[in-house]
Structures are given as structure tokens and as C-alpha cells.
$ cat entry.txt   # compact mmCIF, C-alpha atoms
# COMPACT_ATOMS: atom_id res chain seq x y z
CA MET I 1 115.50 60.85 51.89
CA THR I 2 111.75 60.89 51.35
CA THR I 3 111.35 57.25 52.40
CA VAL I 4 110.60 57.94 56.02
CA ALA I 5 108.19 60.73 55.23
CA THR I 6 106.19 58.77 52.67
CA GLU I 7 105.54 56.06 55.26
CA LEU I 8 103.62 58.54 57.38
CA PHE I 9 101.07 59.06 54.62
CA ALA I 10 97.82 57.39 53.72
CA LEU I 11 98.32 58.82 50.22
CA ASP I 12 100.55 56.56 48.15
CA ALA I 13 104.00 57.78 47.10
CA ALA I 14 103.09 57.98 43.40
CA ALA I 15 100.21 60.31 44.20
CA GLN I 16 102.45 62.41 46.46
CA ASP I 17 104.91 62.74 43.58
CA LEU I 18 102.20 63.53 41.03
CA LEU I 19 100.60 66.29 43.07
CA PHE I 20 103.54 67.76 44.93
CA ARG I 21 107.02 66.34 44.88
CA GLU I 22 107.55 65.90 41.13
CA ALA I 23 105.07 68.54 39.97
CA HIS I 24 106.23 71.91 38.66
CA THR I 25 104.61 75.06 37.39
CA ALA I 26 104.68 74.82 33.59
CA HIS I 27 105.73 77.61 31.26
CA ALA I 28 105.32 75.79 27.91
CA PHE I 29 102.82 73.24 26.65
CA THR I 30 102.31 70.79 23.80
CA ASP I 31 99.54 71.40 21.27
CA GLU I 32 97.41 68.62 22.75
CA PRO I 33 93.99 70.10 23.48
CA VAL I 34 92.39 70.16 26.94
CA SER I 35 88.75 69.15 26.70
CA ASP I 36 85.72 70.49 28.53
CA GLU I 37 85.26 66.92 29.75
CA GLN I 38 88.65 67.06 31.47
CA ILE I 39 87.85 70.39 33.14
CA GLN I 40 84.48 69.07 34.26
CA ALA I 41 86.13 65.99 35.77
CA ILE I 42 88.60 68.24 37.61
CA TYR I 43 85.85 70.50 38.88
CA ASP I 44 83.66 67.59 39.94
CA LEU I 45 86.57 66.29 42.02
CA VAL I 46 87.88 69.45 43.66
CA LYS I 47 84.45 70.94 44.36
CA TYR I 48 84.34 68.77 47.49
CA ALA I 49 87.28 70.47 49.20
CA PRO I 50 86.29 72.81 52.02
CA THR I 51 85.27 76.46 52.00
CA ALA I 52 83.81 78.45 54.89
CA MET I 53 80.07 77.74 55.15
CA ASN I 54 80.44 75.78 51.89
CA GLN I 55 80.23 79.16 50.18
CA SER I 56 82.06 77.97 47.03
CA PRO I 57 82.74 81.43 45.53
CA LEU I 58 85.16 80.36 42.77
CA ARG I 59 84.08 81.06 39.21
CA ILE I 60 86.07 79.89 36.19
CA VAL I 61 86.09 81.26 32.66
CA LEU I 62 87.68 78.99 30.04
CA VAL I 63 89.20 81.09 27.29
CA ARG I 64 88.38 79.03 24.20
CA THR I 65 88.02 81.39 21.24
CA PRO I 66 90.96 83.11 19.52
CA GLU I 67 89.19 86.45 20.00
CA ALA I 68 88.88 85.95 23.76
CA LYS I 69 92.45 84.69 24.03
CA GLU I 70 93.66 87.84 22.28
CA ARG I 71 91.74 90.03 24.71
CA LEU I 72 93.15 88.08 27.64
CA VAL I 73 96.72 88.27 26.38
CA GLY I 74 96.32 92.03 26.07
CA HIS I 75 95.78 92.22 29.84
CA MET I 76 98.74 90.01 30.79
CA ASN I 77 102.11 91.40 31.81
CA ASP I 78 104.70 91.22 29.04
CA GLY I 79 106.46 88.22 30.54
CA ASN I 80 103.23 86.21 30.52
CA LYS I 81 101.90 87.13 27.05
CA ALA I 82 103.67 84.61 24.81
CA LYS I 83 103.14 81.55 26.99
CA THR I 84 99.48 82.44 27.53
CA ALA I 85 98.92 82.95 23.81
CA ALA I 86 100.50 79.55 23.10
CA ALA I 87 98.83 77.50 25.87
CA PRO I 88 96.16 75.03 24.66
CA LEU I 89 93.78 76.29 27.35
CA THR I 90 93.81 79.23 29.72
CA ALA I 91 91.37 79.64 32.60
CA ILE I 92 90.54 82.84 34.46
CA LEU I 93 89.78 82.22 38.13
CA ALA I 94 87.64 84.75 39.94
CA ALA I 95 85.79 85.26 43.20
CA ASP I 96 82.04 85.84 42.92
CA HIS I 97 81.17 88.62 45.37
CA GLU I 98 77.54 87.52 45.25
CA PHE I 99 78.18 83.95 46.37
CA HIS I 100 75.81 84.62 49.28
CA GLU I 101 72.82 84.30 46.94
CA HIS I 102 73.51 80.54 46.87
CA LEU I 103 73.93 80.08 50.64
CA PRO I 104 70.31 79.05 51.36
CA ARG I 105 71.01 76.05 49.11
CA LEU I 106 74.70 75.45 49.96
CA PHE I 107 74.51 76.03 53.72
CA PRO I 108 70.88 75.63 54.79
CA VAL I 109 71.88 74.94 58.41
CA TYR I 110 72.46 78.69 58.88
CA PRO I 111 69.41 80.38 57.32
CA THR I 112 70.49 83.94 58.12
CA ALA I 113 73.94 83.63 56.48
CA LYS I 114 72.76 85.18 53.23
CA ASP I 115 71.40 88.27 54.96
CA MET I 116 74.46 88.56 57.19
CA PHE I 117 76.74 88.73 54.13
CA ALA I 118 74.30 90.97 52.24
CA ALA I 119 74.58 93.53 55.05
CA ASN I 120 78.39 93.69 55.06
CA ASP I 121 80.06 94.31 51.71
CA GLU I 122 83.58 94.32 53.10
CA ALA I 123 83.19 91.00 54.92
CA ARG I 124 81.45 89.47 51.91
CA VAL I 125 84.09 90.48 49.38
CA GLY I 126 86.89 89.45 51.73
CA SER I 127 85.29 86.08 52.33
CA ALA I 128 84.73 85.57 48.60
CA GLN I 129 88.37 86.32 47.81
CA MET I 130 89.74 84.17 50.64
CA ASN I 131 87.59 81.15 49.91
CA ALA I 132 87.90 81.37 46.14
CA THR I 133 91.66 81.44 46.67
CA LEU I 134 91.43 78.19 48.63
CA GLN I 135 89.43 76.78 45.72
CA ALA I 136 92.02 78.06 43.23
CA ALA I 137 94.63 76.01 45.08
CA TYR I 138 92.40 72.93 44.98
CA PHE I 139 91.91 73.52 41.25
CA PHE I 140 95.66 73.73 40.60
CA LEU I 141 96.11 70.36 42.30
CA GLY I 142 93.11 68.99 40.40
CA ILE I 143 94.80 69.92 37.13
CA ARG I 144 97.80 67.88 38.23
CA ALA I 145 95.54 65.03 39.33
CA ALA I 146 94.27 64.92 35.74
CA GLY I 147 97.80 64.36 34.46
CA LEU I 148 98.09 67.91 33.18
CA ALA I 149 100.39 70.74 34.19
CA ALA I 150 99.25 74.08 35.56
CA GLY I 151 100.93 77.41 34.95
CA PRO I 152 99.27 79.82 37.38
CA MET I 153 100.07 83.51 36.89
CA ALA I 154 99.50 86.64 38.96
CA GLY I 155 101.03 89.11 36.51
CA TYR I 156 98.24 90.97 34.70
CA ASN I 157 96.21 94.16 34.85
CA ALA I 158 93.65 92.87 37.33
CA GLU I 159 91.26 95.77 37.04
CA ALA I 160 91.09 95.74 33.25
CA LEU I 161 90.93 91.95 33.09
CA THR I 162 88.11 91.76 35.62
CA LYS I 163 86.10 94.47 33.86
CA ASP I 164 86.60 92.90 30.43
CA PHE I 165 85.57 89.36 31.36
CA PHE I 166 83.22 89.81 34.33
CA GLY I 167 81.89 93.37 34.12
CA GLU I 168 82.22 95.71 37.04
CA GLY I 169 81.90 95.23 40.74
CA LYS I 170 80.65 91.69 41.25
CA HIS I 171 83.82 89.64 40.77
CA SER I 172 87.55 89.91 41.35
CA VAL I 173 90.06 87.95 39.29
CA LEU I 174 92.43 85.96 41.51
CA ALA I 175 94.64 84.10 39.04
CA VAL I 176 95.03 83.17 35.41
CA VAL I 177 96.20 79.63 34.78
CA ASN I 178 97.54 77.97 31.66
CA ILE I 179 96.63 74.29 31.39
CA GLY I 180 98.01 71.52 29.22
CA LYS I 181 100.57 68.80 28.74
CA PRO I 182 103.99 70.22 29.52
CA ALA I 183 106.32 70.65 26.56
CA GLU I 184 110.05 70.06 26.64
CA GLY I 185 111.64 72.86 28.65
CA ALA I 186 108.34 73.61 30.39
CA PHE I 187 109.85 73.71 33.85
CA TYR I 188 112.30 76.05 35.52
CA PRO I 189 114.65 74.59 38.14
CA ARG I 190 112.91 74.02 41.48
CA GLY I 191 113.31 77.02 43.77
CA GLU I 192 114.47 76.50 47.32
CA ARG I 193 111.72 76.06 49.90
CA LEU I 194 111.76 77.35 53.47
CA ALA I 195 112.83 74.76 56.02
CA TYR I 196 110.27 73.34 58.44
CA ASP I 197 111.77 75.26 61.36
CA GLU I 198 111.44 78.54 59.47
CA VAL I 199 107.70 78.01 58.97
CA VAL I 200 106.37 75.94 61.87
CA THR I 201 106.72 76.78 65.56
CA SER I 202 105.10 75.28 68.65
CA VAL I 203 103.68 77.07 71.65
CA MET U 1 78.50 57.86 38.34
CA THR U 2 82.10 58.72 39.12
CA THR U 3 83.47 55.91 36.98
CA VAL U 4 83.83 57.94 33.82
CA ALA U 5 85.41 60.87 35.62
CA THR U 6 88.01 58.79 37.46
CA GLU U 7 89.27 57.42 34.14
CA LEU U 8 90.30 60.90 33.08
CA PHE U 9 92.74 61.17 35.97
CA ALA U 10 96.38 60.29 36.43
CA LEU U 11 95.68 60.24 40.16
CA ASP U 12 94.29 56.86 41.21
CA ALA U 13 90.70 56.62 42.44
CA ALA U 14 91.70 55.79 46.03
CA ALA U 15 93.75 58.97 46.22
CA GLN U 16 90.88 60.98 44.71
CA ASP U 17 88.59 59.60 47.39
CA LEU U 18 91.09 60.20 50.19
CA LEU U 19 91.73 63.84 49.31
CA PHE U 20 88.40 64.94 47.91
CA ARG U 21 85.47 62.65 47.31
CA GLU U 22 85.29 60.83 50.65
CA ALA U 23 86.96 63.50 52.78
CA HIS U 24 84.97 65.73 55.09
CA THR U 25 85.68 68.59 57.45
CA ALA U 26 85.88 67.04 60.93
CA HIS U 27 84.19 68.45 64.01
CA ALA U 28 85.27 65.79 66.55
CA PHE U 29 88.47 63.79 66.98
CA THR U 30 89.79 60.77 68.85
CA ASP U 31 92.41 61.24 71.58
CA GLU U 32 95.17 59.87 69.34
CA PRO U 33 97.98 62.42 69.33
CA VAL U 34 99.30 64.11 66.19
CA SER U 35 103.10 64.18 66.26
CA ASP U 36 105.52 66.86 65.15
CA GLU U 37 106.92 64.21 62.80
CA GLN U 38 103.55 63.96 61.07
CA ILE U 39 103.27 67.73 60.69
CA GLN U 40 106.81 67.91 59.36
CA ALA U 41 106.03 65.19 56.81
CA ILE U 42 102.93 67.12 55.73
CA TYR U 43 104.86 70.38 55.43
CA ASP U 44 107.72 68.74 53.56
CA LEU U 45 105.20 67.47 51.02
CA VAL U 46 102.97 70.49 50.50
CA LYS U 47 105.79 73.04 50.53
CA TYR U 48 106.35 72.21 46.85
CA ALA U 49 102.96 73.48 45.67
CA PRO U 50 103.10 76.82 43.88
CA THR U 51 103.04 80.37 45.20
CA ALA U 52 103.71 83.56 43.24
CA MET U 53 107.47 84.08 42.97
CA ASN U 54 107.85 81.10 45.33
CA GLN U 55 107.18 83.60 48.11
CA SER U 56 105.92 80.94 50.55
CA PRO U 57 104.36 83.32 53.09
CA LEU U 58 102.49 80.73 55.20
CA ARG U 59 103.51 80.44 58.83
CA ILE U 60 102.10 77.79 61.17
CA VAL U 61 101.86 77.80 64.95
CA LEU U 62 101.12 74.43 66.55
CA VAL U 63 99.22 74.93 69.77
CA ARG U 64 100.74 72.27 72.01
CA THR U 65 100.59 73.47 75.61
CA PRO U 66 97.37 73.58 77.67
CA GLU U 67 98.09 77.22 78.44
CA ALA U 68 98.32 78.17 74.75
CA LYS U 69 95.25 76.09 73.91
CA GLU U 70 93.30 77.96 76.56
CA ARG U 71 94.38 81.32 75.13
CA LEU U 72 93.43 80.19 71.63
CA VAL U 73 90.02 78.89 72.70
CA GLY U 74 89.36 82.27 74.30
CA HIS U 75 89.64 83.88 70.85
CA MET U 76 87.39 81.39 69.07
CA ASN U 77 83.69 82.01 68.40
CA ASP U 78 81.42 80.16 70.82
CA GLY U 79 80.50 77.48 68.28
CA ASN U 80 84.18 76.61 67.78
CA LYS U 81 85.36 76.62 71.41
CA ALA U 82 84.50 73.09 72.57
CA LYS U 83 85.77 71.26 69.50
CA THR U 84 88.99 73.29 69.48
CA ALA U 85 89.56 72.62 73.19
CA ALA U 86 89.07 68.89 72.60
CA ALA U 87 91.10 68.48 69.39
CA PRO U 88 94.43 66.63 69.81
CA LEU U 89 96.21 69.35 67.84
CA THR U 90 95.21 72.79 66.62
CA ALA U 91 97.29 74.84 64.19
CA ILE U 92 97.06 78.57 63.58
CA LEU U 93 97.78 79.48 59.95
CA ALA U 94 99.01 82.99 59.23
CA ALA U 95 100.48 85.09 56.43
CA ASP U 96 103.91 86.58 57.09
CA HIS U 97 103.83 90.16 55.78
CA GLU U 98 107.62 90.16 55.72
CA PHE U 99 107.98 87.17 53.41
CA HIS U 100 109.89 89.43 51.04
CA GLU U 101 112.96 89.21 53.27
CA HIS U 102 113.38 85.62 52.01
CA LEU U 103 112.93 86.39 48.30
CA PRO U 104 116.63 86.73 47.46
CA ARG U 105 116.94 83.08 48.51
CA LEU U 106 113.55 81.78 47.32
CA PHE U 107 113.37 83.64 43.99
CA PRO U 108 116.89 84.68 43.05
CA VAL U 109 115.95 85.01 39.36
CA TYR U 110 114.29 88.36 40.17
CA PRO U 111 116.81 90.21 42.37
CA THR U 112 114.71 93.37 42.77
CA ALA U 113 111.60 91.55 44.03
CA LYS U 114 112.45 92.16 47.68
CA ASP U 115 112.77 95.91 47.17
CA MET U 116 109.64 96.05 45.03
CA PHE U 117 107.58 94.52 47.83
CA ALA U 118 109.38 96.57 50.50
CA ALA U 119 108.23 99.74 48.71
CA ASN U 120 104.54 98.80 48.57
CA ASP U 121 102.94 97.73 51.85
CA GLU U 122 99.50 97.21 50.37
CA ALA U 123 100.73 94.98 47.56
CA ARG U 124 102.99 93.08 49.94
CA VAL U 125 100.29 92.34 52.52
CA GLY U 126 97.78 91.43 49.81
CA SER U 127 100.26 89.09 48.18
CA ALA U 128 101.13 87.51 51.54
CA GLN U 129 97.47 86.87 52.34
CA MET U 130 96.62 85.53 48.88
CA ASN U 131 99.60 83.19 48.65
CA ALA U 132 99.42 82.00 52.24
CA THR U 133 95.76 81.18 51.58
CA LEU U 134 96.83 79.00 48.64
CA GLN U 135 99.28 77.30 50.99
CA ALA U 136 96.57 76.86 53.63
CA ALA U 137 94.56 74.92 51.05
CA TYR U 138 97.59 72.76 50.22
CA PHE U 139 98.08 72.16 53.95
CA PHE U 140 94.45 71.05 54.43
CA LEU U 141 94.90 68.49 51.66
CA GLY U 142 98.26 67.47 53.13
CA ILE U 143 96.54 66.70 56.43
CA ARG U 144 94.19 64.40 54.54
CA ALA U 145 97.12 62.87 52.66
CA ALA U 146 98.56 61.90 56.05
CA GLY U 147 95.40 59.96 56.88
CA LEU U 148 94.17 62.61 59.26
CA ALA U 149 91.11 64.83 59.18
CA ALA U 150 91.18 68.62 59.10
CA GLY U 151 88.65 70.91 60.71
CA PRO U 152 89.43 74.38 59.35
CA MET U 153 87.64 77.27 61.02
CA ALA U 154 87.17 80.95 60.18
CA GLY U 155 85.15 81.87 63.26
CA TYR U 156 87.37 83.72 65.74
CA ASN U 157 88.39 87.21 66.80
CA ALA U 158 91.08 87.65 64.16
CA GLU U 159 92.56 90.83 65.55
CA ALA U 160 92.92 89.56 69.11
CA LEU U 161 94.17 86.15 67.96
CA THR U 162 96.78 87.65 65.67
CA LYS U 163 98.02 90.04 68.33
CA ASP U 164 98.18 87.33 71.01
CA PHE U 165 100.12 84.76 68.97
CA PHE U 166 102.08 86.87 66.47
CA GLY U 167 102.37 90.35 67.94
CA GLU U 168 101.23 93.35 65.99
CA GLY U 169 101.46 94.28 62.36
CA LYS U 170 103.65 91.63 60.74
CA HIS U 171 101.22 88.75 60.33
CA SER U 172 97.55 88.10 59.68
CA VAL U 173 95.82 84.94 60.82
CA LEU U 174 93.99 83.23 57.93
CA ALA U 175 92.55 80.10 59.50
CA VAL U 176 92.62 77.90 62.56
CA VAL U 177 92.54 74.18 61.89
CA ASN U 178 91.89 71.24 64.18
CA ILE U 179 93.84 68.13 63.22
CA GLY U 180 93.43 64.51 64.24
CA LYS U 181 91.79 61.18 63.63
CA PRO U 182 88.06 61.74 63.20
CA ALA U 183 85.86 60.44 66.02
CA GLU U 184 82.45 58.90 65.55
CA GLY U 185 80.03 61.63 64.52
CA ALA U 186 82.88 63.82 63.32
CA PHE U 187 81.24 64.68 60.03
CA TYR U 188 78.13 66.64 59.14
CA PRO U 189 76.16 65.56 56.06
CA ARG U 190 77.81 66.70 52.83
CA GLY U 191 76.47 70.05 51.68
CA GLU U 192 75.31 70.47 48.10
CA ARG U 193 77.95 71.75 45.68
CA LEU U 194 77.37 74.10 42.76
CA ALA U 195 76.94 72.34 39.43
CA TYR U 196 79.67 72.63 36.80
CA ASP U 197 77.54 74.92 34.64
CA GLU U 198 77.01 77.31 37.54
CA VAL U 199 80.76 77.72 38.03
CA VAL U 200 82.47 77.25 34.68
CA THR U 201 81.71 79.16 31.48
CA SER U 202 83.53 79.33 28.16
CA VAL U 203 84.21 82.38 26.02
$ encode --input "entry.txt" --output "C-alpha cells"
Amino acid sequence: MTTVATELFALDAAAQDLLFREAHTAHAFTDEPVSDEQIQAIYDLVKYAPTAMNQSPLRIVLVRTPEAKERLVGHMNDGNKAKTAAAPLTAILAADHEFHEHLPRLFPVYPTAKDMFAANDEARVGSAQMNATLQAAYFFLGIRAAGLAAGPMAGYNAEALTKDFFGEGKHSVLAVVNIGKPAEGAFYPRGERLAYDEVVTSV
Amino acid sequence: MTTVATELFALDAAAQDLLFREAHTAHAFTDEPVSDEQIQAIYDLVKYAPTAMNQSPLRIVLVRTPEAKERLVGHMNDGNKAKTAAAPLTAILAADHEFHEHLPRLFPVYPTAKDMFAANDEARVGSAQMNATLQAAYFFLGIRAAGLAAGPMAGYNAEALTKDFFGEGKHSVLAVVNIGKPAEGAFYPRGERLAYDEVVTSV
């Protein structure tokens, strides 16, 4: 059934399976640790994927200490507490509202970009959230590329979590993601996806 | 320099290069057409990547007719008009604010999800935009997986574009993306990326 489709790709079928077709959100993990070296390799791969004006607003906090994990778990919704507490590594993904400070270096072709964003808080925060969300998606796929499973979660007290880990006003948390090797029973059955004709139209 | 990093991956080095390391946003394309079959193959691959509650809010309009292309170009910022007019295919990516209508089918494990979102417009629209943005990122990488180049753009009159192609109030346009085989001179020099230590911290 997927034979025809895979032939249309430059990406080999094994890679398609690894990143998309056979990959699932994980809800349980083995005890095998996830190293900083692995996260750095993932970041150094997915950092190349595009953001508007190369603004790169994603910031990542790796929750390594038991004390920090306990604080994090306290902010998660009840249904996410146990699996977050048990995951070998949990990362907090946030948008940096002050990404524009780096634009003279990241996007030198447009020298006034920094000032343009500095003058418009609403546009700046919206752009940070949108582009950091793109980068969150790249990061999820990067986790899979590293042979690990990702368990992204949106169920937490966003205000309290942001304040606790980033202070006030300069970041917004976009997702919390558990990372590790999937344990037995890690995956729920695949949910139905919308059909092509429900999503894509031509004009 | 990338040798050590590639060894940490389950994804082979050629796939890493195709999707991330050697891929660039394209600003010019050959005349080679992009078929509906290719877009369907891309969608049928990237549809499996995760969204919150499998809500799958991304909607895609393929701009196929000269009349629709002309309308679209009229909404683009000046710097994006010529390359959009010349691209073999342009897609408009939008968030469907009424994604919750599909939740009983897409996420049957949580039967009250549809009503929860129906009761909270702000949460529903925010969730649609966030999760459709994740799916936009998956779609960009899917374009690359198909051996094509993506030229995503954020520079357009969002309000007028949304109204013209989706009517009022039920969608928000998130990105416009040119799709095709890159022409000579399609790529600008790679912009600098933030270093790992500027993005990732541990607590």
C-alpha cells in the first residue's frame, strides 16, 4: 500500500518509517539514560531547518536533577505526572521573546530587523511562538532520528511552569517532551488520520 | 566535523543531509511541475507526526490556476511576489479553527474533547494555530523528503489572504510555501545558527 508512495521520495523507505510511518508518541521509557552528547547531536542537526529570518527562537531546558524534575512534575497535569517523573530525560521547550537581540548575527542581510521587532511586542512574541513551534517539530523528529522516542505533552500549567523555569515575561513554554528508549507498552494504538481530500484542496 | 554526530543517529547520514544539513530554503525553481500525486505522497507520510490529541488542524490549499496564483501574489509582500509568481506550485498552509469537529473520530479516547474546545474559542484557536504550525514544519521536511525544495514565506497580508482563500473567521493562514525543484541560484548562503550552549541549558 505504501509501495507507490515511497517511490516518489528521495528519502529512503527506512528513514520514512523511522521518522513518520512507524514512529509513535511514547508514554513509557526504559531506564537507559539520554546523554547531553545525544541532545547536542540532535540540536546540531535540526538547527538547520528553517525559521523566518533565521530567527531561531527555540530555547530548551533539560531537566536533569531530581529537584528540578520534581518541580516540573508539580506543574504537569495529573495524567502527565507519572510518565514525566519516570522518563530518563524531560526537556522543556520555550520561545525566547528576545530572539531579536541575535538577529544582527543570524540575519545580517536585514540590518533593521532587530529594531523592527523591538518596536512591536505583539509581533515579536507572536513570531517567537510561531517559529519556536516550527523548531519544536523539527526537534521531535530529531529525537526520532537519534533512535529515541519522543513523548511531547501540552498538558501543564503553562503560566506557573514558565515562571518557575524561565522567570517572567521573556519566554513562553510551548511543550514539554519526554525523551528516551521506548519501554514495552510505550505506544497507544495509532489514531486515525484525516484523509488527503479532507486536508488538501486545489484552487 | 559531523562524523561523530552522525554516528549517534539511527537515521542514515544521507537522510540527515537531505532533510537538514544540505537542505536550504529555495528562492527560485525550475519549470518542472509538482504533481498532486507528489503532494499526496508527502501528506500521507507527514500526517503521522504528532499533534496534541491528534487534532490535525492543518489545512492546505494548492494554488494551481493562474487566476488563483494572481490573487495570491497580490497578497504577498513585494519581496515575495516574483518568486511566488514563478514557482511551479505554491501552497497556502492554514489552521482550521473548527478542527474539534473531527475529534470524536481522531481522538475517541477522550469523548468530551470536542465540547471542551467548543466552549473555549481562545483555547481552540490557539491550539489550532500551535498544532497546525507543528504540522507545517513536518510538511516542509516532507517536501524535502520528496526530493523537492521548499520556500516557506511569512511575508504577506495575512488578514486579506485568509479572507480571500478561506472566508472569514474559521481559519488562519500560517505560511505560504513555494515548492519545486531548485533552480540555479535558488539558495542564499547559509545563515549562522545559534550554538548549542546558547539554546540548551540543564537544570
$ interface_residues --input "entry.txt" --of "chain U" --to "chain I" --cutoff "6 Å" --atoms "all atoms listed in the file" --output "ChimeraX atom specification"
/U:5,9-11,20,41,48-49,59-64,106,134,137,145-147,191-192,199-203
$ atom_distance --input "entry.txt" --atom1 "atom CA of Gly180 of chain U" --atom2 "atom CA of Ala86 of chain U"
10.4 Å
$ closest_residue --input "entry.txt" --among "U:Glu101, U:Ala149, U:Phe187, U:Leu161" --to "Ala113 of chain U" --atoms "only C-alpha atoms"
U:Glu101
$ atom_distance --input "entry.txt" --atom1 "atom CA of Gly79 of chain I" --atom2 "atom CA of His171 of chain I"
24.9 Å
$ atom_distance --input "entry.txt" --atom1 "atom CA of Val177 of chain I" --atom2 "atom CA of Ala123 of chain U"
20.5 Å
$ axis_aligned_box --input "entry.txt" --around "segment 34-52 of chain I" --padding-each-side "8 Å" --output "AutoDock Vina command-line options"
--center_x 88.0 --center_y 72.2 --center_z 40.8 --size_x 24.7 --size_y 28.5 --size_z 44.2
$ residues_near_point --input "entry.txt" --point "(98.5, 87.6, 31.2)" --cutoff "7 Å" --atoms "all atoms listed in the file" --output "NGL selection string"
:I and (72-73 or 75-77 or 80-81 or 84 or 155-156)
$ closest_residue --input "entry.txt" --among "I:Asp78, I:Glu184, I:Asp31, I:Glu159" --to "Ala94 of chain I" --atoms "all atoms listed in the file"
I:Glu159
$ closest_residue --input "entry.txt" --among "U:Thr90, U:Glu32, U:Gly74, U:Tyr110" --to "Asp164 of chain U" --atoms "all atoms listed in the file"
U:Gly74
